[in-house]
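Student: Questions regarding the structure given below will be posed in turn.
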Amino acid sequence: MEKCPCGSEIQYSACCKLIHDNHDNAHSAESLMRARFSAFKKKMVDFLYNTTHPTTRRFVKKPEIQNWVDNNQWMHLEILNSTKATVEFKAYYLNERLESAVQHEKSQFKDFQGRWYYLKGVFIS
């Protein structure tokens, strides 16, 4: 059985796959963040696009998401802090030159019509 890429230490089928199969199963900002990291790792471009908040989705292009997932190897996720609507995390990956890199971000999420969505993020250096 495959462990979930989000780092929860449980099986993918009992974790992020539930959210990948039905966005309604994301019951918090953190659960959606974990599912989005897993989606990056699994190259699930449609899920990443569709879980971006409708007000910011127009600024996101599927080919750019595809390029980001194709050119990076996502390694693991570290949740640093989580509130009702924000998640601060570090996402570790290898870039296109196979160099170690870290995306440290504080992301904002919004519950819209009963579903959680990624709204925006601020990179932390």
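To be explicit about the labels: the chains of the structure tokens are called A, B, and onward in the order shown, and within each one the residues are counted from 1, while ligands get numbers from 1 in the order they are shown.
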At a cut-off of 7 Å, can you tabulate as a tab-separated table every residue of segment 28-82 of chain A near segment 2-10 of chain A together with its closest atom pair and the distance in Å to one decimal, using only C-alpha atoms and ordering rows by chain then number?
Tutor:
```
residue	atom	partner	partner_atom	distance
A:Arg34	CA	A:Cys6	CA	5.1
A:Ala35	CA	A:Cys6	CA	6.8
A:Phe37	CA	A:Cys6	CA	6.2
A:Ser38	CA	A:Pro5	CA	5.2
A:His76	CA	A:Gly7	CA	6.8
A:Leu77	CA	A:Cys6	CA	6.0
```
Student: Go ahead and write the selection's residues with all heavy atoms as a PDB file, in the first residue's frame.
Tutor:
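Saved to part34.pdb:
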```pdb
ATOM      1  N   ARG A  34      -2.612  19.766   2.091  1.00  0.00           N
ATOM      2  CA  ARG A  34      -1.978  18.448   1.975  1.00  0.00           C
ATOM      3  C   ARG A  34      -2.363  17.772   0.655  1.00  0.00           C
ATOM      4  O   ARG A  34      -1.512  17.187  -0.027  1.00  0.00           O
ATOM      5  CB  ARG A  34      -2.352  17.570   3.168  1.00  0.00           C
ATOM      6  CG  ARG A  34      -1.690  18.018   4.460  1.00  0.00           C
ATOM      7  CD  ARG A  34      -2.063  17.117   5.634  1.00  0.00           C
ATOM      8  NE  ARG A  34      -1.345  17.496   6.834  1.00  0.00           N
ATOM      9  CZ  ARG A  34      -0.093  17.162   7.108  1.00  0.00           C
ATOM     10  NH1 ARG A  34       0.595  16.406   6.268  1.00  0.00           N
ATOM     11  NH2 ARG A  34       0.481  17.563   8.222  1.00  0.00           N
ATOM     12  N   ALA A  35      -3.631  17.874   0.289  1.00  0.00           N
ATOM     13  CA  ALA A  35      -4.090  17.273  -0.968  1.00  0.00           C
ATOM     14  C   ALA A  35      -3.450  17.963  -2.169  1.00  0.00           C
ATOM     15  O   ALA A  35      -3.113  17.313  -3.160  1.00  0.00           O
ATOM     16  CB  ALA A  35      -5.607  17.335  -1.057  1.00  0.00           C
ATOM     17  N   PHE A  37      -0.445  19.427  -2.194  1.00  0.00           N
ATOM     18  CA  PHE A  37       0.938  18.960  -2.278  1.00  0.00           C
ATOM     19  C   PHE A  37       0.976  17.575  -2.940  1.00  0.00           C
ATOM     20  O   PHE A  37       1.787  17.333  -3.832  1.00  0.00           O
ATOM     21  CB  PHE A  37       1.617  18.910  -0.907  1.00  0.00           C
ATOM     22  CG  PHE A  37       3.014  18.355  -0.997  1.00  0.00           C
ATOM     23  CD1 PHE A  37       4.074  19.165  -1.356  1.00  0.00           C
ATOM     24  CD2 PHE A  37       3.255  17.007  -0.771  1.00  0.00           C
ATOM     25  CE1 PHE A  37       5.354  18.644  -1.491  1.00  0.00           C
ATOM     26  CE2 PHE A  37       4.537  16.478  -0.896  1.00  0.00           C
ATOM     27  CZ  PHE A  37       5.587  17.305  -1.258  1.00  0.00           C
ATOM     28  N   SER A  38       0.108  16.697  -2.498  1.00  0.00           N
ATOM     29  CA  SER A  38       0.054  15.356  -3.095  1.00  0.00           C
ATOM     30  C   SER A  38      -0.253  15.446  -4.585  1.00  0.00           C
ATOM     31  O   SER A  38       0.291  14.684  -5.389  1.00  0.00           O
ATOM     32  CB  SER A  38      -0.999  14.492  -2.390  1.00  0.00           C
ATOM     33  OG  SER A  38      -0.606  14.244  -1.053  1.00  0.00           O
ATOM     34  N   HIS A  76       8.903  16.179  -0.088  1.00  0.00           N
ATOM     35  CA  HIS A  76       8.041  16.056   1.087  1.00  0.00           C
ATOM     36  C   HIS A  76       7.545  17.416   1.555  1.00  0.00           C
ATOM     37  O   HIS A  76       8.097  18.455   1.182  1.00  0.00           O
ATOM     38  CB  HIS A  76       8.717  15.270   2.223  1.00  0.00           C
ATOM     39  CG  HIS A  76       9.836  15.974   2.898  1.00  0.00           C
ATOM     40  ND1 HIS A  76      11.121  15.976   2.411  1.00  0.00           N
ATOM     41  CD2 HIS A  76       9.875  16.714   4.036  1.00  0.00           C
ATOM     42  CE1 HIS A  76      11.903  16.667   3.225  1.00  0.00           C
ATOM     43  NE2 HIS A  76      11.165  17.130   4.202  1.00  0.00           N
ATOM     44  N   LEU A  77       6.528  17.362   2.390  1.00  0.00           N
ATOM     45  CA  LEU A  77       5.841  18.544   2.890  1.00  0.00           C
ATOM     46  C   LEU A  77       6.030  18.636   4.394  1.00  0.00           C
ATOM     47  O   LEU A  77       5.911  17.644   5.106  1.00  0.00           O
ATOM     48  CB  LEU A  77       4.345  18.447   2.570  1.00  0.00           C
ATOM     49  CG  LEU A  77       3.433  19.536   3.106  1.00  0.00           C
ATOM     50  CD1 LEU A  77       3.741  20.875   2.423  1.00  0.00           C
ATOM     51  CD2 LEU A  77       1.975  19.154   2.892  1.00  0.00           C
TER      52      LEU A  77
END
```
Student: For Ser82 of chain A, list every protein, DNA or RNA residue within 12 Å, evaluated using only C-alpha atoms, and leave out those in the same chain fewer than 3 positions away; present the list as a count of residues only.
Tutor: 19
Student: For His53 of chain A, please output as a PyMOL selection string all residues within 7 Å (counting only C-alpha atoms; exclusion window: fewer than 3 positions along the same chain).
Tutor: chain A and resi 56-57+117-119
Student: Could you take the residues named above and write them with N, CA and C atoms, as a PDB file, in the first residue's frame?
Tutor:
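What ended up in part-v5.pdb:
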```pdb
ATOM      1  N   THR A  56      -9.197  33.965  -8.098  1.00  0.00           N
ATOM      2  CA  THR A  56      -7.783  34.008  -8.485  1.00  0.00           C
ATOM      3  C   THR A  56      -7.460  33.015  -9.602  1.00  0.00           C
ATOM      4  N   ARG A  57      -8.379  32.133  -9.891  1.00  0.00           N
ATOM      5  CA  ARG A  57      -8.147  31.110 -10.918  1.00  0.00           C
ATOM      6  C   ARG A  57      -7.872  31.732 -12.285  1.00  0.00           C
ATOM      7  N   TYR A 117     -10.815  26.346  -0.892  1.00  0.00           N
ATOM      8  CA  TYR A 117     -10.027  26.662  -2.076  1.00  0.00           C
ATOM      9  C   TYR A 117      -8.744  27.366  -1.663  1.00  0.00           C
ATOM     10  N   TYR A 118      -7.694  27.161  -2.445  1.00  0.00           N
ATOM     11  CA  TYR A 118      -6.464  27.925  -2.309  1.00  0.00           C
ATOM     12  C   TYR A 118      -6.743  29.312  -2.872  1.00  0.00           C
ATOM     13  N   LEU A 119      -6.461  30.353  -2.079  1.00  0.00           N
ATOM     14  CA  LEU A 119      -6.707  31.724  -2.511  1.00  0.00           C
ATOM     15  C   LEU A 119      -5.432  32.383  -3.034  1.00  0.00           C
TER      16      LEU A 119
END
```
Student: As a PyMOL selection string, which residues of chain A does DSSP assign to strand (DSSP E or B)?
Tutor: chain A and resi 3+11+52+73-82+86-94+100-112+115-123
Student: Run DSSP on the backbone of this structure and report the residues of segment 16-100 of chain A it assigns to alpha helix (DSSP H), as a PyMOL selection string.
Tutor: chain A and resi 16-21+29-42+45-50+54-57+62-70
Student: Ranking A:Met44, A:Lys61, A:His27, A:Tyr92 by minimum distance to Met75 of chain A and counting only C-alpha atoms, which one comes first?
Tutor: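 When distances to Met75 of chain A are compared using only C-alpha atoms, the smallest one comes from A:Tyr92.
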Student: In terms of the shortest atom-to-atom distance over only C-alpha atoms, which of A:Gln73, A:Thr55, A:Gln113, A:Asn81 is closest to Phe40 of chain A?
Tutor: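 When distances to Phe40 of chain A are compared using only C-alpha atoms, the smallest one comes from A:Gln73.
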